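Please read the structure below before turning to the comments.
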Amino acid sequence: MSARIVYKGGLLLDRSGVRRGDLAVDGGSIVAAGGEVAPRPGDIVVNASGGLVIPALVDAHTHLRVPGGEEAETLETGTMAAAMGGYAAVLAMPNTSPPLDNPARVAQMLAGAARLPVRVLSSGTITKERAGAELSPLAALAKAGVRLVTDDGSGVQDANLMRRALQYGAELGLVVAEHCEVESLFGAGVMNEGALSAGLGLRGIPAVAEEVMVARDIELARAIRGRLHLLHLSTGRSAELVARAKADGVPVTAEVTPHHLFLTEELLSGYDSVYKVNPPLRSGDDRRRLWEQLSQGVFDVIGTDHAPHPRWRKEATLDDAAFGMLGLQHALAAVYTGALGAIEEGLVPQGLPDAVSASIAAAVGSQAEAERLGWLWRIVAMMSWQPAQLLGLDENFVGRLEAGARANVVFFDTSAEWTPTSNSILSKAGNSPYLGVGLKGRVVDVVVEGRRLVGSGELIYEGNWE
Ligand SMILES: [Zn+2]
C-alpha cells in the first residue's frame, strides 16, 4: 500500500474557487480537501504554504513526434516532460510521419502510450496525409475516439474543404482545429514582419497571414454552426476577431500559447534560432493585447505547442532552422511570470464567476492578493479543466479538488523564483526558450491518477515509462 500524501497549509484552487485548507491523497483518490488534515506516521507531508494546490493540467497541443520523429522526442520523454510541468494528460498532434490520418495509425500510437503514467490522447488530421486536398475519414476517426482534428503545422488553404470539415465535424461531434496561416501571405518568413525584421535583414511573416484565416474560418463557422477551434493565436487583432465572434454567438474557441504570452520578437535580435517558432513571436503591443483579451476571458485554452526538434534541426541559420520550441515543462511558470507582468501593467481579470470572486475575497485579505488569485484562477482554468472539456476527458479531469475524486493534483509553489538549466530538461530535445530565464512559480509536486510522479521538483516515479 502506498503512503498517504498530505499537502499542508496551502490554498486550494479549483473550478469552484479558492479556499484555505489541506488536501490528502490516499489509494489513488483525494480523501480530504479543505479544513485541517492531521498527518499520521508514514504520511508524505508536502509543505504547501508557499503556494497553491490545483487540479493537474491538460495540454491540448503537444507534438509528441510519434511516429517518425523519435530523434526529437519519444512517448516516454514527452510524457516525462509533461509530468514535470504538472500535466496529467496531453493531446498528441497528428502532424507526424506518417500523419495520424486514419484509425489504424491512431490506434498504433495510442497502444504505444497505453502504459505511460500520463494520459495520452490522439488527434487526427483534417485531410488525408495532411496534404490539404481530400478529407480524412472523419467518421472513422470519430468512431476511434478522436475528438479533435487538425492539420496543425499547416492551415487548410482550401476554404471549401474547411467548410466541409466543419459540416462533417458538426455531425460527428468533432472539434475542427485550425492552424491559421495563409501560405501565400506567409511566404518564406522566419520572424514577425515589422521594423525589427527589416532592421535585422530577416524575412517577415505578416500578422495578416494569420488574421485572414482567422476571419475566414470564423465566417465559415458562423454560417455552418460547426465547432471551430483556433490554435495558437499570436496577434492582438486575431484575439479581437475572436472576441467579436463570441459576442455574436459563433461556436468558436481559441488557444494562446505560453510563449506568445511571455516572449516577444526582440529575442530574435541575436539571430538565435531557438526563438524561431510558428506563428512567430510578435511585438510587445501584440503580447499586451493578448493579455488584454485573456483578462476578458476571450481565450479558452492555453496550449503549449510543445515542439521538440533534434539539435541539427535547430542549430542552423534562421533561414534553415525548424520552427518550434519546447513548452511542457515550463508552461505554468512562464504564464504565471507573464501574468505578474500583466498585473504590473494594470490589467485585472474580468468576468470571473461570482462564486469564484466571493471565495477569493473570503480567502485573502488584500485587493492586490485577490487580483493575483483571480489571474491564477483564470490561468489554471485555461490549462486544466477547460482543455479537458474541449477534449471530452472524463470525470477525473473536471477540475474539482474534493473528497472522493480521483487524485490529479499539482502543488504550484508561487513563491519560487528560479532559472531553468539545460540539465533539467527531460525532453529528448533541448530547444527550450526558457533556459537561463528567470521564472516565478514552480511545479514541485505532481500526482497523476493517484500516482506521485514528481516530488520536490524532481521526477520520482519509478514505475514504467515504456
Ligand atoms: Zn501550429
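Lettering and numbering for the C-alpha cells are positional, with chains as A, B, ... in the shown order, residues counted from 1 in each chain, and ligands counted from 1 in the shown order.
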
Could you pull out the residues sitting within 6 Å of ligand 1, using only C-alpha atoms and all ligand atoms, and write them as a PyMOL selection string?
-> chain A and resi 152-153+179

* Could you give me, as a PyMOL selection string, each residue of range 199-424 of chain A that DSSP assigns to alpha helix (DSSP H) when run on this structure's backbone? => chain A and resi 199-200+207-224+236-247+258-262+284-295+311-314+331-344+354-363+367-383+385-390

Take the selection from the previous step and output its residues with C-alpha atoms, as an mmCIF file, in the first residue's frame.
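Below is the file again-v9.cif, written as the result:
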```
data_model
loop_
_atom_site.group_PDB
_atom_site.id
_atom_site.type_symbol
_atom_site.label_atom_id
_atom_site.label_comp_id
_atom_site.auth_asym_id
_atom_site.auth_seq_id
_atom_site.Cartn_x
_atom_site.Cartn_y
_atom_site.Cartn_z
ATOM 1 C CA GLY A 199 16.352 46.100 -39.375
ATOM 2 C CA LEU A 200 17.717 42.604 -38.849
ATOM 3 C CA ALA A 207 0.245 39.312 -38.898
ATOM 4 C CA VAL A 208 -2.383 39.174 -41.652
ATOM 5 C CA ALA A 209 -1.126 35.728 -42.708
ATOM 6 C CA GLU A 210 -2.827 34.555 -39.512
ATOM 7 C CA GLU A 211 -5.651 37.067 -39.237
ATOM 8 C CA VAL A 212 -7.076 36.490 -42.720
ATOM 9 C CA MET A 213 -7.590 32.805 -41.958
ATOM 10 C CA VAL A 214 -8.996 33.570 -38.507
ATOM 11 C CA ALA A 215 -11.556 35.833 -40.148
ATOM 12 C CA ARG A 216 -12.344 33.322 -42.910
ATOM 13 C CA ASP A 217 -12.845 30.439 -40.505
ATOM 14 C CA ILE A 218 -14.996 32.482 -38.143
ATOM 15 C CA GLU A 219 -17.290 33.297 -41.055
ATOM 16 C CA LEU A 220 -17.403 29.617 -42.066
ATOM 17 C CA ALA A 221 -18.252 28.585 -38.506
ATOM 18 C CA ARG A 222 -20.881 31.320 -38.312
ATOM 19 C CA ALA A 223 -22.529 30.057 -41.500
ATOM 20 C CA ILE A 224 -22.274 26.343 -40.730
ATOM 21 C CA GLY A 236 -3.852 41.297 -30.969
ATOM 22 C CA ARG A 237 -6.132 41.520 -33.979
ATOM 23 C CA SER A 238 -6.733 37.730 -34.044
ATOM 24 C CA ALA A 239 -7.797 37.853 -30.414
ATOM 25 C CA GLU A 240 -10.104 40.792 -31.081
ATOM 26 C CA LEU A 241 -11.722 38.937 -34.003
ATOM 27 C CA VAL A 242 -12.465 36.024 -31.670
ATOM 28 C CA ALA A 243 -13.898 38.360 -29.053
ATOM 29 C CA ARG A 244 -16.274 39.810 -31.640
ATOM 30 C CA ALA A 245 -17.247 36.378 -32.957
ATOM 31 C CA LYS A 246 -18.002 35.122 -29.456
ATOM 32 C CA ALA A 247 -20.117 38.174 -28.747
ATOM 33 C CA PRO A 258 2.769 30.378 -23.048
ATOM 34 C CA HIS A 259 5.472 31.695 -25.379
ATOM 35 C CA HIS A 260 3.222 34.214 -27.096
ATOM 36 C CA LEU A 261 2.126 35.420 -23.663
ATOM 37 C CA PHE A 262 5.648 35.674 -22.278
ATOM 38 C CA GLY A 284 5.212 43.824 -27.260
ATOM 39 C CA ASP A 285 1.995 45.517 -28.394
ATOM 40 C CA ASP A 286 0.579 42.185 -29.614
ATOM 41 C CA ARG A 287 1.557 40.499 -26.389
ATOM 42 C CA ARG A 288 -0.194 43.202 -24.370
ATOM 43 C CA ARG A 289 -3.334 42.844 -26.463
ATOM 44 C CA LEU A 290 -3.316 39.055 -25.988
ATOM 45 C CA TRP A 291 -3.238 39.625 -22.220
ATOM 46 C CA GLU A 292 -5.996 42.210 -22.547
ATOM 47 C CA GLN A 293 -8.276 39.697 -24.284
ATOM 48 C CA LEU A 294 -7.224 37.000 -21.836
ATOM 49 C CA SER A 295 -8.241 39.274 -18.972
ATOM 50 C CA ARG A 311 19.817 19.589 -32.329
ATOM 51 C CA TRP A 312 20.731 19.683 -36.022
ATOM 52 C CA ARG A 313 17.281 20.975 -36.980
ATOM 53 C CA LYS A 314 17.662 23.978 -34.642
ATOM 54 C CA ALA A 331 4.442 26.375 -19.283
ATOM 55 C CA LEU A 332 2.750 27.207 -15.990
ATOM 56 C CA ALA A 333 5.739 29.148 -14.637
ATOM 57 C CA ALA A 334 6.090 31.092 -17.912
ATOM 58 C CA VAL A 335 2.401 32.008 -17.953
ATOM 59 C CA TYR A 336 2.427 32.956 -14.271
ATOM 60 C CA THR A 337 5.526 35.115 -14.751
ATOM 61 C CA GLY A 338 3.802 36.747 -17.710
ATOM 62 C CA ALA A 339 0.664 37.319 -15.625
ATOM 63 C CA LEU A 340 2.701 39.135 -12.980
ATOM 64 C CA GLY A 341 3.818 41.457 -15.791
ATOM 65 C CA ALA A 342 0.198 41.971 -16.857
ATOM 66 C CA ILE A 343 -0.682 42.846 -13.259
ATOM 67 C CA GLU A 344 2.079 45.461 -13.263
ATOM 68 C CA ASP A 354 -19.420 35.377 -8.833
ATOM 69 C CA ALA A 355 -18.868 32.361 -6.594
ATOM 70 C CA VAL A 356 -15.185 32.298 -7.541
ATOM 71 C CA SER A 357 -14.717 36.009 -6.814
ATOM 72 C CA ALA A 358 -16.515 35.610 -3.492
ATOM 73 C CA SER A 359 -14.355 32.633 -2.499
ATOM 74 C CA ILE A 360 -11.196 34.592 -3.308
ATOM 75 C CA ALA A 361 -12.364 37.583 -1.266
ATOM 76 C CA ALA A 362 -13.069 35.265 1.657
ATOM 77 C CA ALA A 363 -9.688 33.520 1.395
ATOM 78 C CA GLN A 367 -7.234 43.635 -3.057
ATOM 79 C CA ALA A 368 -3.850 43.054 -4.723
ATOM 80 C CA GLU A 369 -3.729 39.481 -3.466
ATOM 81 C CA ALA A 370 -7.296 38.909 -4.654
ATOM 82 C CA GLU A 371 -6.390 40.141 -8.156
ATOM 83 C CA ARG A 372 -3.345 37.876 -8.297
ATOM 84 C CA LEU A 373 -5.501 34.889 -7.313
ATOM 85 C CA GLY A 374 -8.118 35.911 -9.847
ATOM 86 C CA TRP A 375 -5.439 35.739 -12.529
ATOM 87 C CA LEU A 376 -4.264 32.364 -11.240
ATOM 88 C CA TRP A 377 -7.797 31.013 -11.286
ATOM 89 C CA ARG A 378 -8.290 32.047 -14.892
ATOM 90 C CA ILE A 379 -4.885 30.653 -15.916
ATOM 91 C CA VAL A 380 -5.430 27.302 -14.228
ATOM 92 C CA ALA A 381 -8.911 27.096 -15.760
ATOM 93 C CA MET A 382 -7.325 27.564 -19.207
ATOM 94 C CA MET A 383 -4.644 24.961 -18.528
ATOM 95 C CA TRP A 385 -10.439 21.838 -16.801
ATOM 96 C CA GLN A 386 -11.187 23.963 -19.871
ATOM 97 C CA PRO A 387 -8.850 21.983 -22.179
ATOM 98 C CA ALA A 388 -10.182 18.792 -20.528
ATOM 99 C CA GLN A 389 -13.658 19.866 -21.514
ATOM 100 C CA LEU A 390 -12.545 20.720 -25.051
#
```

Quick one: DSSP strand (DSSP E) residues in range 355-419 of chain A, as a PyMOL selection string? chain A and resi 409-418

From the list A:Arg227, A:Arg119, A:His330, A:Lys276, the nearest residue to Leu75 in chain A using only C-alpha atoms is A:Arg119

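Here CA of Thr150 in chain A stands at a distance of 19.3 Å from CA of Met325 in chain A.
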
Could you build a table of the residues in range 2-47 of chain A lying no more than 12 Å from range 413-425 of chain A, giving for each the nearest pair of atoms and their separation in Å rounded to one decimal place, using only C-alpha atoms, ordered by chain and ascending residue number, as JSON lines?
```
{"residue": "A:Tyr7", "atom": "CA", "partner": "A:Asp413", "partner_atom": "CA", "distance": 11.8}
{"residue": "A:Gly9", "atom": "CA", "partner": "A:Asp413", "partner_atom": "CA", "distance": 11.9}
{"residue": "A:Gly10", "atom": "CA", "partner": "A:Asp413", "partner_atom": "CA", "distance": 9.4}
{"residue": "A:Leu11", "atom": "CA", "partner": "A:Asp413", "partner_atom": "CA", "distance": 10.5}
{"residue": "A:Val46", "atom": "CA", "partner": "A:Asp413", "partner_atom": "CA", "distance": 11.0}
{"residue": "A:Asn47", "atom": "CA", "partner": "A:Asp413", "partner_atom": "CA", "distance": 9.7}
```

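Closest to Val175 in chain A among A:Gly249, A:Ala198, A:Glu129, A:Ala254 is A:Ala254, based on only C-alpha atoms.
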
* Selection: 12 Å around Gly124 in chain A, only C-alpha atoms, excl. self and same-chain fewer than 6 positions, as a ChimeraX atom specification -> /A:91-96,98-107,109-110,130,135-152,174-177

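With only C-alpha atoms as the atoms that count, the minimum distance from Val118 in chain A to the choices A:Val447, A:Leu347, A:Leu202, A:Leu166 is reached by A:Val447.
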
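Interatomic distance, CA of Leu352 in chain A against CA of Gly51 in chain A: 20.7 Å.
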
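Remark: for Tyr275 in chain A, the closest of the candidate residues A:Leu435, A:Glu71, A:Gly226, A:Gly201 is A:Leu435 (distances computed over only C-alpha atoms).
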